[in-house]
>>> print(open('my_file_15.pdb').read())   # PDB, C-alpha atoms and all ligand atoms
MODEL        1
ATOM      1  CA  MET A   1       4.803  18.227  -0.003
ATOM      2  CA  ALA A   2       7.714  16.391  -1.575
ATOM      3  CA  HIS A   3       9.180  13.411   0.203
ATOM      4  CA  PRO A   4      11.838  14.698   2.615
ATOM      5  CA  ASP A   5      14.371  12.130   1.404
ATOM      6  CA  PHE A   6      14.194  13.198  -2.214
ATOM      7  CA  ASP A   7      13.586  16.762  -3.197
ATOM      8  CA  PRO A   8      13.403  16.848  -6.184
ATOM      9  CA  PRO A   9      12.389  13.196  -6.612
ATOM     10  CA  ASP A  10      15.106  11.005  -8.003
ATOM     11  CA  ARG A  11      13.474   9.627 -11.139
ATOM     12  CA  SER A  12      16.765   8.089 -12.233
ATOM     13  CA  LEU A  13      15.837   5.308  -9.810
ATOM     14  CA  ILE A  14      12.971   4.351 -12.098
ATOM     15  CA  PRO A  15      13.737   2.719 -15.438
ATOM     16  CA  GLN A  16      12.941   5.124 -18.284
ATOM     17  CA  THR A  17      10.516   2.711 -19.944
ATOM     18  CA  LEU A  18       8.551   2.304 -16.710
ATOM     19  CA  TRP A  19       8.251   6.072 -16.257
ATOM     20  CA  GLU A  20       7.130   6.450 -19.900
ATOM     21  CA  ARG A  21       4.528   3.728 -19.423
ATOM     22  CA  GLY A  22       3.216   5.524 -16.350
ATOM     23  CA  GLN A  23       2.947   8.720 -18.386
ATOM     24  CA  GLN A  24       1.025   6.912 -21.140
ATOM     25  CA  VAL A  25      -1.515   5.703 -18.585
ATOM     26  CA  ALA A  26      -1.735   9.210 -17.085
ATOM     27  CA  ALA A  27      -2.367  10.723 -20.539
ATOM     28  CA  ILE A  28      -5.315   8.373 -21.109
ATOM     29  CA  VAL A  29      -6.762   9.176 -17.690
ATOM     30  CA  ASN A  30      -6.285  12.918 -18.289
ATOM     31  CA  SER A  31      -8.079  12.697 -21.629
ATOM     32  CA  ARG A  32     -11.287  11.965 -19.679
ATOM     33  CA  TRP A  33     -10.560  13.371 -16.222
ATOM     34  CA  ARG A  34      -8.931  16.767 -15.901
ATOM     35  CA  SER A  35      -8.484  17.105 -12.110
ATOM     36  CA  ARG A  36      -5.128  16.658 -10.460
ATOM     37  CA  PRO A  37      -5.426  14.037  -7.710
ATOM     38  CA  VAL A  38      -3.955  14.947  -4.346
ATOM     39  CA  ALA A  39      -3.856  11.404  -3.033
ATOM     40  CA  GLY A  40      -3.610   7.934  -4.474
ATOM     41  CA  LEU A  41      -5.379   5.087  -2.695
ATOM     42  CA  ILE A  42      -4.629   1.422  -3.081
ATOM     43  CA  LEU A  43      -7.719  -0.264  -1.800
ATOM     44  CA  GLY A  44      -6.369  -3.512  -0.520
ATOM     45  CA  THR A  45      -8.147  -5.376   2.208
ATOM     46  CA  GLY A  46      -9.598  -2.849   4.576
ATOM     47  CA  LEU A  47     -10.422   0.030   2.299
ATOM     48  CA  GLY A  48     -13.737  -1.281   1.000
ATOM     49  CA  GLY A  49     -15.506   1.289   3.176
ATOM     50  CA  VAL A  50     -13.429   4.104   1.720
ATOM     51  CA  ALA A  51     -14.156   2.876  -1.832
ATOM     52  CA  ARG A  52     -17.845   3.470  -1.161
ATOM     53  CA  GLN A  53     -17.105   7.070  -0.058
ATOM     54  CA  ILE A  54     -15.576   8.059  -3.404
ATOM     55  CA  GLN A  55     -17.734  10.361  -5.499
ATOM     56  CA  VAL A  56     -16.794   8.646  -8.744
ATOM     57  CA  GLN A  57     -16.260  10.947 -11.732
ATOM     58  CA  GLU A  58     -14.483   8.535 -14.080
ATOM     59  CA  ALA A  59     -13.470   4.874 -13.921
ATOM     60  CA  PHE A  60     -11.141   2.822 -16.109
ATOM     61  CA  ASP A  61     -11.036  -0.972 -16.246
ATOM     62  CA  TYR A  62      -7.457  -2.138 -15.802
ATOM     63  CA  ALA A  63      -7.850  -4.152 -19.002
ATOM     64  CA  ASP A  64      -8.362  -0.884 -20.933
ATOM     65  CA  LEU A  65      -5.183   0.773 -19.640
ATOM     66  CA  PRO A  66      -1.921   0.020 -21.481
ATOM     67  CA  HIS A  67       0.692  -2.012 -19.573
ATOM     68  CA  PHE A  68      -1.590  -2.207 -16.529
ATOM     69  CA  PRO A  69      -1.463  -5.486 -14.650
ATOM     70  CA  HIS A  70      -4.895  -7.033 -14.510
ATOM     71  CA  SER A  71      -6.039 -10.291 -13.154
ATOM     72  CA  THR A  72      -9.152 -12.247 -12.559
ATOM     73  CA  ALA A  73      -7.638 -13.588  -9.338
ATOM     74  CA  ILE A  74      -7.827 -10.356  -7.362
ATOM     75  CA  GLY A  75     -11.473 -10.726  -6.415
ATOM     76  CA  HIS A  76     -12.186  -7.042  -7.027
ATOM     77  CA  ARG A  77     -13.512  -5.269 -10.058
ATOM     78  CA  GLY A  78     -10.064  -4.182 -11.184
ATOM     79  CA  ARG A  79     -10.811  -0.508 -11.859
ATOM     80  CA  LEU A  80      -8.885   2.707 -11.563
ATOM     81  CA  VAL A  81     -11.379   5.129 -10.068
ATOM     82  CA  CYS A  82     -11.087   8.927 -10.274
ATOM     83  CA  GLY A  83     -13.176  11.230  -8.139
ATOM     84  CA  THR A  84     -13.307  12.979  -4.785
ATOM     85  CA  VAL A  85     -13.415  11.964  -1.119
ATOM     86  CA  GLU A  86     -14.354  14.717   1.326
ATOM     87  CA  GLY A  87     -13.907  17.109  -1.593
ATOM     88  CA  VAL A  88     -10.304  15.988  -2.140
ATOM     89  CA  PRO A  89      -9.489  14.758  -5.669
ATOM     90  CA  VAL A  90      -8.216  11.180  -5.480
ATOM     91  CA  VAL A  91      -7.298   8.346  -7.787
ATOM     92  CA  ALA A  92      -7.912   4.883  -6.399
ATOM     93  CA  MET A  93      -7.071   1.336  -7.353
ATOM     94  CA  GLU A  94     -10.021  -0.913  -6.680
ATOM     95  CA  GLY A  95      -8.196  -4.201  -6.491
ATOM     96  CA  ARG A  96      -4.457  -4.643  -6.481
ATOM     97  CA  CYS A  97      -2.160  -7.128  -8.141
ATOM     98  CA  HIS A  98       0.419  -9.223  -6.339
ATOM     99  CA  VAL A  99       3.784 -10.681  -7.200
ATOM    100  CA  TYR A 100       2.367 -14.156  -6.404
ATOM    101  CA  GLU A 101      -0.001 -13.800  -9.352
ATOM    102  CA  GLY A 102       3.027 -13.862 -11.630
ATOM    103  CA  TYR A 103       3.604 -10.131 -12.031
ATOM    104  CA  SER A 104       7.051  -8.599 -11.777
ATOM    105  CA  MET A 105       7.864  -5.952  -9.155
ATOM    106  CA  GLU A 106       7.824  -3.396 -11.982
ATOM    107  CA  GLN A 107       4.364  -4.421 -13.183
ATOM    108  CA  VAL A 108       3.026  -4.169  -9.640
ATOM    109  CA  ALA A 109       4.702  -0.755  -9.295
ATOM    110  CA  LEU A 110       3.363   0.662 -12.590
ATOM    111  CA  PRO A 111       0.010   1.926 -11.208
ATOM    112  CA  VAL A 112       1.893   3.962  -8.597
ATOM    113  CA  ILE A 113       4.142   5.452 -11.286
ATOM    114  CA  ALA A 114       0.993   6.363 -13.240
ATOM    115  CA  MET A 115      -0.516   7.978 -10.129
ATOM    116  CA  ALA A 116       2.715   9.952  -9.627
ATOM    117  CA  ALA A 117       2.557  11.078 -13.262
ATOM    118  CA  LEU A 118      -1.012  12.266 -12.555
ATOM    119  CA  GLY A 119       0.424  14.405  -9.748
ATOM    120  CA  ILE A 120      -0.418  12.684  -6.443
ATOM    121  CA  GLU A 121       1.478  13.952  -3.389
ATOM    122  CA  THR A 122       0.448  11.191  -1.011
ATOM    123  CA  LEU A 123      -0.146   7.457  -1.373
ATOM    124  CA  LEU A 124      -2.339   5.624   1.132
ATOM    125  CA  LEU A 125      -2.040   1.835   1.105
ATOM    126  CA  SER A 126      -3.739  -0.852   3.094
ATOM    127  CA  ASN A 127      -3.218  -4.588   3.308
ATOM    128  CA  ALA A 128      -4.169  -7.686   5.254
ATOM    129  CA  SER A 129      -1.374  -9.237   7.236
ATOM    130  CA  GLY A 130      -0.546 -11.864   9.787
ATOM    131  CA  GLY A 131       0.458 -10.583  13.222
ATOM    132  CA  LEU A 132       3.867 -11.737  14.461
ATOM    133  CA  ASN A 133       4.044  -9.484  17.512
ATOM    134  CA  PRO A 134       2.409 -11.531  20.297
ATOM    135  CA  GLY A 135       0.865  -8.329  21.650
ATOM    136  CA  PHE A 136      -1.378  -8.035  18.597
ATOM    137  CA  ARG A 137      -4.997  -9.183  18.439
ATOM    138  CA  SER A 138      -6.997  -9.983  15.297
ATOM    139  CA  GLY A 139      -8.690  -6.793  14.164
ATOM    140  CA  ASP A 140      -5.828  -4.523  15.238
ATOM    141  CA  VAL A 141      -4.429  -1.935  12.842
ATOM    142  CA  MET A 142      -0.688  -1.532  12.457
ATOM    143  CA  VAL A 143       0.859   1.601  10.932
ATOM    144  CA  ILE A 144       3.901   0.587   8.920
ATOM    145  CA  GLU A 145       6.998   2.330  10.266
ATOM    146  CA  ASP A 146       9.407   0.470   8.029
ATOM    147  CA  HIS A 147       9.587  -2.780   6.084
ATOM    148  CA  ILE A 148      11.797  -5.796   5.503
ATOM    149  CA  ASN A 149      11.739  -6.881   1.874
ATOM    150  CA  LEU A 150      11.941 -10.656   1.590
ATOM    151  CA  MET A 151      10.373 -10.745  -1.859
ATOM    152  CA  PHE A 152      13.786 -11.417  -3.385
ATOM    153  CA  ARG A 153      12.762 -10.125  -6.789
ATOM    154  CA  ARG A 154      15.134  -8.163  -8.970
ATOM    155  CA  GLU A 155      14.104  -8.532 -12.592
ATOM    156  CA  GLY A 156      16.592  -7.560 -15.287
ATOM    157  CA  ASN A 157      19.630  -6.262 -13.444
ATOM    158  CA  SER A 158      20.196  -3.302 -15.712
ATOM    159  CA  THR A 159      16.660  -1.939 -15.511
ATOM    160  CA  ALA A 160      15.548  -2.998 -12.050
ATOM    161  CA  ILE A 161      13.757  -0.381 -10.011
ATOM    162  CA  GLY A 162      15.735   0.426  -6.917
ATOM    163  CA  PHE A 163      18.653   2.056  -5.228
ATOM    164  CA  ARG A 164      22.150   1.114  -6.240
ATOM    165  CA  HIS A 165      24.383   0.923  -3.196
ATOM    166  CA  ARG A 166      22.202   3.348  -1.322
ATOM    167  CA  ALA A 167      19.947   2.856   1.677
ATOM    168  CA  PRO A 168      16.530   4.491   1.684
ATOM    169  CA  LYS A 169      16.188   6.659   4.785
ATOM    170  CA  SER A 170      12.502   6.388   5.317
ATOM    171  CA  THR A 171       9.981   4.829   2.967
ATOM    172  CA  TYR A 172       6.984   5.729   5.148
ATOM    173  CA  ASP A 173       6.249   9.346   5.975
ATOM    174  CA  ARG A 174       6.940  10.194   9.630
ATOM    175  CA  SER A 175       4.393  12.961   9.897
ATOM    176  CA  LEU A 176       1.597  10.800   8.388
ATOM    177  CA  ILE A 177       2.474   8.049  10.891
ATOM    178  CA  ARG A 178       2.191  10.535  13.767
ATOM    179  CA  GLN A 179      -1.090  11.945  12.427
ATOM    180  CA  VAL A 180      -2.624   8.483  12.119
ATOM    181  CA  ILE A 181      -1.654   7.506  15.658
ATOM    182  CA  ARG A 182      -3.263  10.734  16.927
ATOM    183  CA  ILE A 183      -6.432  10.269  14.836
ATOM    184  CA  ALA A 184      -6.836   6.703  16.139
ATOM    185  CA  ALA A 185      -6.454   7.832  19.762
ATOM    186  CA  ARG A 186      -9.048  10.574  19.224
ATOM    187  CA  HIS A 187     -11.490   7.949  17.903
ATOM    188  CA  GLY A 188     -10.957   5.580  20.801
ATOM    189  CA  PHE A 189      -8.742   2.902  19.268
ATOM    190  CA  SER A 190      -5.041   2.268  18.704
ATOM    191  CA  ALA A 191      -2.944   2.266  15.548
ATOM    192  CA  TYR A 192       0.244   0.468  16.528
ATOM    193  CA  PRO A 193       3.481   1.388  14.782
ATOM    194  CA  GLY A 194       5.401  -1.675  13.589
ATOM    195  CA  ILE A 195       7.587  -3.367  11.007
ATOM    196  CA  TYR A 196       6.039  -5.122   7.986
ATOM    197  CA  VAL A 197       7.849  -7.997   6.322
ATOM    198  CA  ALA A 198       6.900  -8.744   2.714
ATOM    199  CA  VAL A 199       7.087 -12.280   1.376
ATOM    200  CA  THR A 200       6.019 -13.513  -2.055
ATOM    201  CA  GLY A 201       3.546 -16.150  -0.834
ATOM    202  CA  PRO A 202       1.095 -17.333  -1.990
ATOM    203  CA  ASN A 203       1.050 -19.719   0.966
ATOM    204  CA  TYR A 204       0.904 -18.575   4.560
ATOM    205  CA  GLU A 205       3.924 -19.371   6.691
ATOM    206  CA  THR A 206       4.997 -22.521   8.450
ATOM    207  CA  ARG A 207       5.371 -22.294  12.230
ATOM    208  CA  ALA A 208       9.130 -22.229  11.766
ATOM    209  CA  GLU A 209       8.834 -19.353   9.300
ATOM    210  CA  TYR A 210       6.573 -17.333  11.622
ATOM    211  CA  ARG A 211       9.161 -17.833  14.370
ATOM    212  CA  PHE A 212      11.966 -16.774  12.034
ATOM    213  CA  LEU A 213      10.134 -13.643  10.818
ATOM    214  CA  ARG A 214       9.426 -12.558  14.384
ATOM    215  CA  ARG A 215      13.071 -13.033  15.334
ATOM    216  CA  ILE A 216      14.363 -10.900  12.479
ATOM    217  CA  GLY A 217      12.333  -8.012  13.839
ATOM    218  CA  ALA A 218       8.983  -7.966  12.035
ATOM    219  CA  ASP A 219       5.622  -7.273  13.693
ATOM    220  CA  ALA A 220       3.425  -8.346  10.756
ATOM    221  CA  VAL A 221       3.819 -10.381   7.565
ATOM    222  CA  GLY A 222       2.062  -9.962   4.230
ATOM    223  CA  MET A 223       2.428 -10.365   0.476
ATOM    224  CA  SER A 224       2.063  -6.859  -0.896
ATOM    225  CA  THR A 225       2.786  -3.161  -0.319
ATOM    226  CA  VAL A 226       6.593  -3.122  -0.657
ATOM    227  CA  PRO A 227       6.730  -2.797  -4.479
ATOM    228  CA  GLU A 228       4.205   0.048  -4.410
ATOM    229  CA  ALA A 229       5.781   1.839  -1.437
ATOM    230  CA  GLN A 230       9.220   1.682  -3.065
ATOM    231  CA  ALA A 231       7.904   3.100  -6.325
ATOM    232  CA  ALA A 232       6.255   5.941  -4.403
ATOM    233  CA  LEU A 233       9.503   6.702  -2.599
ATOM    234  CA  PHE A 234      11.436   6.932  -5.868
ATOM    235  CA  CYS A 235       8.762   9.276  -7.269
ATOM    236  CA  GLY A 236       8.941  11.612  -4.268
ATOM    237  CA  VAL A 237       5.430  10.661  -3.113
ATOM    238  CA  ARG A 238       4.854  10.392   0.645
ATOM    239  CA  THR A 239       3.452   7.063   1.702
ATOM    240  CA  LEU A 240       1.327   5.727   4.518
ATOM    241  CA  GLY A 241       0.856   1.973   4.922
ATOM    242  CA  LEU A 242      -1.830   0.464   7.139
ATOM    243  CA  SER A 243      -1.875  -3.246   7.907
ATOM    244  CA  ILE A 244      -4.987  -4.981   9.106
ATOM    245  CA  ILE A 245      -4.020  -7.820  11.412
ATOM    246  CA  THR A 246      -6.339 -10.639  10.341
ATOM    247  CA  ASN A 247      -4.659 -13.439  12.274
ATOM    248  CA  VAL A 248      -1.958 -13.622  14.923
ATOM    249  CA  ALA A 249       0.706 -16.297  14.553
ATOM    250  CA  ARG A 250       1.166 -18.417  17.669
ATOM    251  CA  PRO A 251       3.897 -20.754  16.445
ATOM    252  CA  ASP A 252       4.493 -22.235  19.885
ATOM    253  CA  ALA A 253       0.869 -22.836  20.828
ATOM    254  CA  PRO A 254      -1.597 -25.144  19.111
ATOM    255  CA  HIS A 255      -4.057 -22.718  17.544
ATOM    256  CA  VAL A 256      -6.086 -23.117  14.402
ATOM    257  CA  VAL A 257      -7.258 -19.986  12.643
ATOM    258  CA  HIS A 258     -10.872 -20.187  11.513
ATOM    259  CA  ALA A 259     -12.050 -18.343   8.430
ATOM    260  CA  GLU A 260     -14.942 -16.687  10.353
ATOM    261  CA  GLU A 261     -12.436 -15.277  12.812
ATOM    262  CA  VAL A 262     -10.380 -13.753  10.009
ATOM    263  CA  ILE A 263     -13.438 -12.253   8.303
ATOM    264  CA  ALA A 264     -14.727 -10.796  11.569
ATOM    265  CA  ALA A 265     -11.287  -9.316  12.291
ATOM    266  CA  ALA A 266     -11.082  -7.769   8.828
ATOM    267  CA  ARG A 267     -14.515  -6.163   9.350
ATOM    268  CA  THR A 268     -13.592  -4.612  12.694
ATOM    269  CA  ALA A 269     -10.352  -3.298  11.300
ATOM    270  CA  GLU A 270     -11.974  -2.067   8.087
ATOM    271  CA  LYS A 271     -13.981   0.463  10.093
ATOM    272  CA  LYS A 272     -10.828   1.721  11.789
ATOM    273  CA  VAL A 273      -8.886   1.986   8.524
ATOM    274  CA  GLY A 274     -11.840   3.820   6.950
ATOM    275  CA  THR A 275     -11.866   6.328   9.803
ATOM    276  CA  LEU A 276      -8.106   6.905   9.527
ATOM    277  CA  VAL A 277      -8.138   7.481   5.777
ATOM    278  CA  LEU A 278     -11.217   9.713   5.783
ATOM    279  CA  GLN A 279      -9.870  11.829   8.625
ATOM    280  CA  LEU A 280      -6.493  12.189   6.897
ATOM    281  CA  LEU A 281      -8.173  13.327   3.680
ATOM    282  CA  ARG A 282     -10.432  15.685   5.627
ATOM    283  CA  HIS A 283      -7.339  17.146   7.252
ATOM    284  CA  HIS A 284      -5.819  17.558   3.784
ATOM    285  CA  ALA A 285      -8.928  19.413   2.639
ATOM    286  CA  THR A 286      -9.044  21.792   5.593
ATOM    287  CA  ALA A 287      -5.279  22.380   5.655
ATOM    288  CA  GLY A 288      -5.460  23.102   1.911
ATOM    289  CA  ALA A 289      -2.340  20.981   1.634
TER
HETATM  290  N1  LIG B   1       0.932 -14.460   6.280
HETATM  291  C1  LIG B   1       1.090 -13.817   5.115
HETATM  292  N2  LIG B   1       0.157 -13.023   4.609
HETATM  293  C2  LIG B   1      -0.981 -12.855   5.303
HETATM  294  C3  LIG B   1      -1.202 -13.508   6.532
HETATM  295  C4  LIG B   1      -0.189 -14.372   7.046
HETATM  296  O1  LIG B   1      -0.316 -14.981   8.129
HETATM  297  N3  LIG B   1      -2.439 -13.133   6.979
HETATM  298  C5  LIG B   1      -2.947 -12.282   6.043
HETATM  299  N4  LIG B   1      -2.057 -12.101   5.040
ENDMDL
END
>>> encode(input="my_file_15.pdb", output="structure tokens", more="lines below")
Ligand code: HPA
Amino acid sequence: MAHPDFDPPDRSLIPQTLWERGQQVAAIVNSRWRSRPVAGLILGTGLGGVARQIQVQEAFDYADLPHFPHSTAIGHRGRLVCGTVEGVPVVAMEGRCHVYEGYSMEQVALPVIAMAALGIETLLLSNASGGLNPGFRSGDVMVIEDHINLMFRREGNSTAIGFRHRAPKSTYDRSLIRQVIRIAARHGFSAYPGIYVAVTGPNYETRAEYRFLRRIGADAVGMSTVPEAQAALFCGVRTLGLSIITNVARPDAPHVVHAEEVIAAARTAEKKVGTLVLQLLRHHATAGA
């Protein structure tokens, strides 16, 4: 299903060279893998479990794909994996790149453009984030309803990806958000809808910054997702973003976050995110969508 805000997708929002680069990557993938993927997965923190569920048919090291951002800093293998999950053809990024590693918004967006050129209809993203909403607990899962972009990156005015004088209506797909909330409830946990604020990092926030980000209306803060979600929107791909709350900011209370706490929280939430993604794909398979 095309994104309700853009039907047909408005590719004029994507610089021509970026779209052509995405098509070059897609052509290389298609030379070895003929299926059309239904969904794209960006396996940020929290999708490790899903990565293990992929019946891998082909895999491409990022370093072997033209224009692809690749980095030794991402702590993952850095592969584009093609295969099936629950019988649904998917293309997945094992390891993502961030703006704080020195990549431009366009470089970070390129893999999504390539996935769109391969034909994905849906993009499922996950990330690790810091909770700003005092109601959150470590290990909670937030479904991104909307975002605030504080990345402040606009490379090359004339070619920058983005809307000119136009407000996006909805970057994150309403019906996927509703489905995920229902799936979570059926499995005995909550997926809380909330607002994600993206910063460039790489440092975590000062107490004053956490306070500020909460006041401007965000429920969680992280350093990814926005470039990819925007690219998906411009390509007419529906997007779901899931944030794992690894730590909750308590700027007005003395509280030190311990690494073990964060790791334990990520593990708990990883199971939940895995359930949500697998159930969504299963639904896709049975609905024949
Ligand atoms: N801030 C920014 N990014 C993060 C955080 C945080 O507190 N936790 C996990 N990713």
>>> residues_near_ligand(input="my_file_15.pdb", ligand="ligand LIG 1 (chain B)", cutoff="7 Å", atoms="all atoms listed in the file", output="PyMOL selection string")
chain A and resi 128-131+201+204-205+221-223+246-247+249
>>> resolve_selection(input="my_file_15.pdb", expression="the PyMOL selection byres (((chain A and resi 261-269) around 12) and not hetatm)", output="number ranges by chain")
A: 44-49, 126-131, 136-142, 184, 189-191, 242-248, 256-260, 270-276
>>> atom_distance(input="my_file_15.pdb", atom1="atom CA of Pro251 of chain A", atom2="atom CA of Ile216 of chain A")
14.9 Å
>>> atom_distance(input="my_file_15.pdb", atom1="atom CA of Thr200 of chain A", atom2="atom CA of Leu213 of chain A")
13.5 Å
>>> atom_distance(input="my_file_15.pdb", atom1="atom CA of Ile42 of chain A", atom2="atom CA of Phe234 of chain A")
17.2 Å
>>> closest_residue(input="my_file_15.pdb", among="A:Leu150, A:Leu43, A:Cys235, A:Leu124", to="Gly22 of chain A", atoms="all atoms listed in the file")
A:Cys235
>>> residues_around(input="my_file_15.pdb", residues="Ser175 of chain A", least_positions_apart="4", cutoff="10 Å", atoms="only C-alpha atoms", output="MDAnalysis selection string")
chainID A and resid 179:181 238 240
>>> write_last_selection(input="my_file_15.pdb", atoms="C-alpha atoms", output="PDB file, keeping the file's coordinate frame")
ATOM      1  CA  GLN A 179      -1.090  11.945  12.427  1.00  0.00           C
ATOM      2  CA  VAL A 180      -2.624   8.483  12.119  1.00  0.00           C
ATOM      3  CA  ILE A 181      -1.654   7.506  15.658  1.00  0.00           C
ATOM      4  CA  ARG A 238       4.854  10.392   0.645  1.00  0.00           C
ATOM      5  CA  LEU A 240       1.327   5.727   4.518  1.00  0.00           C
TER       6      LEU A 240
END
>>> closest_residue(input="my_file_15.pdb", among="A:Tyr172, A:Tyr210, A:Tyr192, A:Phe60", to="Leu123 of chain A", atoms="all atoms listed in the file")
A:Tyr172
>>> resolve_selection(input="my_file_15.pdb", expression="the PyMOL selection byres (((chain A and resi 152) around 12) and not hetatm)", output="list in words")
Val99, Ser104, Met105, Ile148, Asn149, Leu150, Met151, Arg153, Arg154, Glu155, Val197, Ala198, Val199, Thr200, Gly201, Val226 and Pro227 of chain A
>>> residues_around(input="my_file_15.pdb", residues="Ile54 of chain A", least_positions_apart="5", cutoff="8 Å", atoms="only C-alpha atoms", output="VMD selection string")
chain A and resid 83 to 85
>>> closest_residue(input="my_file_15.pdb", among="A:His255, A:Arg34, A:His67, A:Gln279", to="Arg182 of chain A", atoms="all atoms listed in the file")
A:Gln279
>>> resolve_selection(input="my_file_15.pdb", expression="the PyMOL selection byres (((chain A and resi 32) around 12) and not hetatm)", output="PyMOL selection string")
chain A and resi 25-31+33-35+57-60+81-83
>>> closest_residue(input="my_file_15.pdb", among="A:Gly95, A:Gly87, A:Gly236, A:Pro254", to="Ile120 of chain A", atoms="all atoms listed in the file")
A:Gly236
